[in-house]
Amino acid sequence: MTDLLLLPGDGIGPEVTAQVRRVVTALAPDLKVEERLFGGASYDAHGTPLTDEALTTAKASRAVLMGAVGGPQWAGVPRDKRPEAGLLALRGGMEVFANLRPALCFQPLADASSLKREVVEGLDFMIVRELTGGIYFGSPRFIEDLPGGGKRAVDTQVYTTAEIERVARVAFELARGRRNKVTSAEKSNVMDSGLLWRQVVTDLHARDYADVELEHILADNAAMQIVKNPKQFDVMVTDNLFGDILSDISAQLTGSLGMLPSAALGVAGKPGLYEPIHGSAPDIAGQGLANPLAAILSFEMALRWSLDRTDLADKLFAAVNKALEDGARTRDLGGALTTVQMGDAVLTAL
Ligand code: ATP
Ligand code: MG
């Protein structure tokens with residue numbers, strides 16, 4: 001069985017994933033690693049952004065780590081063959097419904113004067129975003145012409161009890177290993193799906209997680225509080241749309257896009273999907289400027305959540321912190337190290 005399937009993808013994806021491979025070799029040489037083309041690279045070679053073989057391999061692996069997909073060169077490709085379609089097919093095929101996005105500020109970055117004004121020292125909370133339901137997937141969904149001119153566009157938000165409960169469960173379980181607090185964000189004041197969301201989370205809490213502190217917050221207020229006082233949060237669970245927005249706001253409090261990993265988890269025992277939250281960054285691709293830490297920290301999450309190697313995850317996390325402490329900085333962090341040199345810094349710290 002493959003332990004880790006690497007999907008380097010496009011743009012800076014292959015550059016940052018190459019550094020993950022070096023870390024795997026140094027830290028966990030026993031892991032069985034495989035690699036497949038994905039996204040635009042797969043489209044160019046196979047005519048599809050995700051081959052059936054790659055998806056089958058992904059589902060049979062213990063963890064999947066991807067770089068990033070997409071780029072301007074595939075803008076003219078039919079919608080269902082675009083790199084991004086491959087990503088949706090991968091997420092859907094792997095049934096990963098809970099998206100974990102840490103908002104974590106590394107202390108050495110808070111200490112660095114060049115970034116001091118932009119980051120929140122000591123910040124450490126986790127957003128759990130529902131990833132496979134909600135308004136991005138609900139039907140009906142269409143744009144139609146109106147008889148009197150103009151058009152009408154419809155998107156539909158659908159959530160079932162089961163969908164809400166399984167993602168809330170992930171949040172409660174996570175909180176138990178952290179500061180034991182869950183904040184559930186929705187718009188129960190104006191949306192029925194928000195009303196159901198609040199009800200299901202409340203019921204699940206009473207039934208299985210009464211030991212965890214639970215608080216409900218309206219999503220607009222959540223956005224404000226994340227900017228105003230983000231340290232009040234431990235784990236925030238929310239739907240697909242709000243999670244998309246709130247996690248991007250949170251990301252900006254931690255330093256750089258190049259630092260932030262993510263995990264997408266399905267039911268226990270199934271493989272997780274790990275990826276940096278940044279995109280393929282076509283503007284810097286191929287120049288050795290990309291910060292590989294988001295990808296390396298995504299592997300750290302894979303060690304923790306799919307590969308049952310918490311010991312190695314702790315070690316890797318400490319090594320990244322040490323590298324930053326020793327002053328390792330790529331350009332996005334105000335420094336001049338190349339992608340490979342940042343990889344070197346982590347390996348040295350390891
Ligand atoms: P997507 O639509 O795929 O999410 P995006 O529009 O959010 O992409 P990114 O590709 O993430 O954009 O890039 C946003 C900016 O951040 C770009 O200027 C890019 O160069 C920079 N950036 C992204 N990732 C990194 C990284 N790992 N290291 C350094 N800079 C990065
Ligand atoms: Mg983006």
# chains A, B, ... in the order shown; residues from 1 in each chain; ligands from 1
call {"tool": "residues_near_ligand", "arguments": {"ligand": "ligand 1", "cutoff": "6 Å", "atoms": "only C-alpha atoms and all ligand atoms", "output": "MDAnalysis selection string"}}
result
chainID A and resid 257:258 278:281 283:284 290:292 332
call {"tool": "write_last_selection", "arguments": {"atoms": "N, CA and C atoms", "output": "PDB file, in the first residue's frame"}}
result
ATOM      1  N   LEU A 257       1.067  33.564   2.890  1.00  0.00           N
ATOM      2  CA  LEU A 257       0.398  32.465   2.201  1.00  0.00           C
ATOM      3  C   LEU A 257       1.351  31.276   2.071  1.00  0.00           C
ATOM      4  N   GLY A 258       2.611  31.576   1.960  1.00  0.00           N
ATOM      5  CA  GLY A 258       3.615  30.537   1.756  1.00  0.00           C
ATOM      6  C   GLY A 258       3.890  29.690   2.985  1.00  0.00           C
ATOM      7  N   HIS A 278      -1.965  27.987  -0.619  1.00  0.00           N
ATOM      8  CA  HIS A 278      -1.664  28.877  -1.740  1.00  0.00           C
ATOM      9  C   HIS A 278      -1.957  28.197  -3.076  1.00  0.00           C
ATOM     10  N   GLY A 279      -2.035  29.007  -4.124  1.00  0.00           N
ATOM     11  CA  GLY A 279      -2.282  28.484  -5.458  1.00  0.00           C
ATOM     12  C   GLY A 279      -0.987  28.184  -6.182  1.00  0.00           C
ATOM     13  N   SER A 280      -1.065  28.087  -7.493  1.00  0.00           N
ATOM     14  CA  SER A 280       0.091  27.686  -8.286  1.00  0.00           C
ATOM     15  C   SER A 280       1.054  28.844  -8.551  1.00  0.00           C
ATOM     16  N   ALA A 281       0.655  30.049  -8.146  1.00  0.00           N
ATOM     17  CA  ALA A 281       1.516  31.236  -8.230  1.00  0.00           C
ATOM     18  C   ALA A 281       2.278  31.355  -9.546  1.00  0.00           C
ATOM     19  N   ASP A 283       3.022  33.708 -11.280  1.00  0.00           N
ATOM     20  CA  ASP A 283       3.925  34.868 -11.350  1.00  0.00           C
ATOM     21  C   ASP A 283       5.337  34.566 -10.873  1.00  0.00           C
ATOM     22  N   ILE A 284       5.504  33.548 -10.039  1.00  0.00           N
ATOM     23  CA  ILE A 284       6.860  33.236  -9.560  1.00  0.00           C
ATOM     24  C   ILE A 284       7.292  31.809  -9.919  1.00  0.00           C
ATOM     25  N   ALA A 290       9.512  30.322  -4.549  1.00  0.00           N
ATOM     26  CA  ALA A 290       8.382  29.872  -3.724  1.00  0.00           C
ATOM     27  C   ALA A 290       8.841  29.395  -2.349  1.00  0.00           C
ATOM     28  N   ASN A 291       8.064  29.736  -1.355  1.00  0.00           N
ATOM     29  CA  ASN A 291       8.299  29.248   0.000  1.00  0.00           C
ATOM     30  C   ASN A 291       7.726  27.823   0.104  1.00  0.00           C
ATOM     31  N   PRO A 292       8.571  26.844   0.401  1.00  0.00           N
ATOM     32  CA  PRO A 292       8.079  25.461   0.453  1.00  0.00           C
ATOM     33  C   PRO A 292       7.470  25.080   1.803  1.00  0.00           C
ATOM     34  N   ASP A 332       8.922  35.928   0.272  1.00  0.00           N
ATOM     35  CA  ASP A 332       7.620  36.300   0.829  1.00  0.00           C
ATOM     36  C   ASP A 332       7.701  36.642   2.313  1.00  0.00           C
TER      37      ASP A 332
END
call {"tool": "residues_around", "arguments": {"residues": "Val346 in chain A", "least_positions_apart": "6", "cutoff": "8 Å", "atoms": "only C-alpha atoms", "output": "MDAnalysis selection string"}}
result
chainID A and resid 23 319:320 322:323
call {"tool": "residues_around", "arguments": {"residues": "Gly255 in chain A", "least_positions_apart": "4", "cutoff": "9 Å", "atoms": "only C-alpha atoms", "output": "list in words"}}
result
Leu104, Cys105, Phe106, Leu109, Ala110, Leu115, Lys116, Glu118, Val119, Val120, Ala251, Met259, Leu260, Asp332 and Leu333 of chain A
call {"tool": "closest_residue", "arguments": {"among": "A:Glu53, A:Asp244, A:Glu300, A:Glu34", "to": "ligand 2", "atoms": "only C-alpha atoms and all ligand atoms"}}
result
A:Asp244
call {"tool": "select_by_dssp", "arguments": {"residues": "range 234-349 of chain A", "states": "strand (DSSP E)", "output": "JSON, numbers by chain"}}
result
{"A": [235, 236, 237, 238, 261, 262, 263, 264, 265, 272, 273, 274, 275, 276]}
call {"tool": "atom_distance", "arguments": {"atom1": "CA of Met94 in chain A", "atom2": "CA of Pro271 in chain A"}}
result
7.4 Å
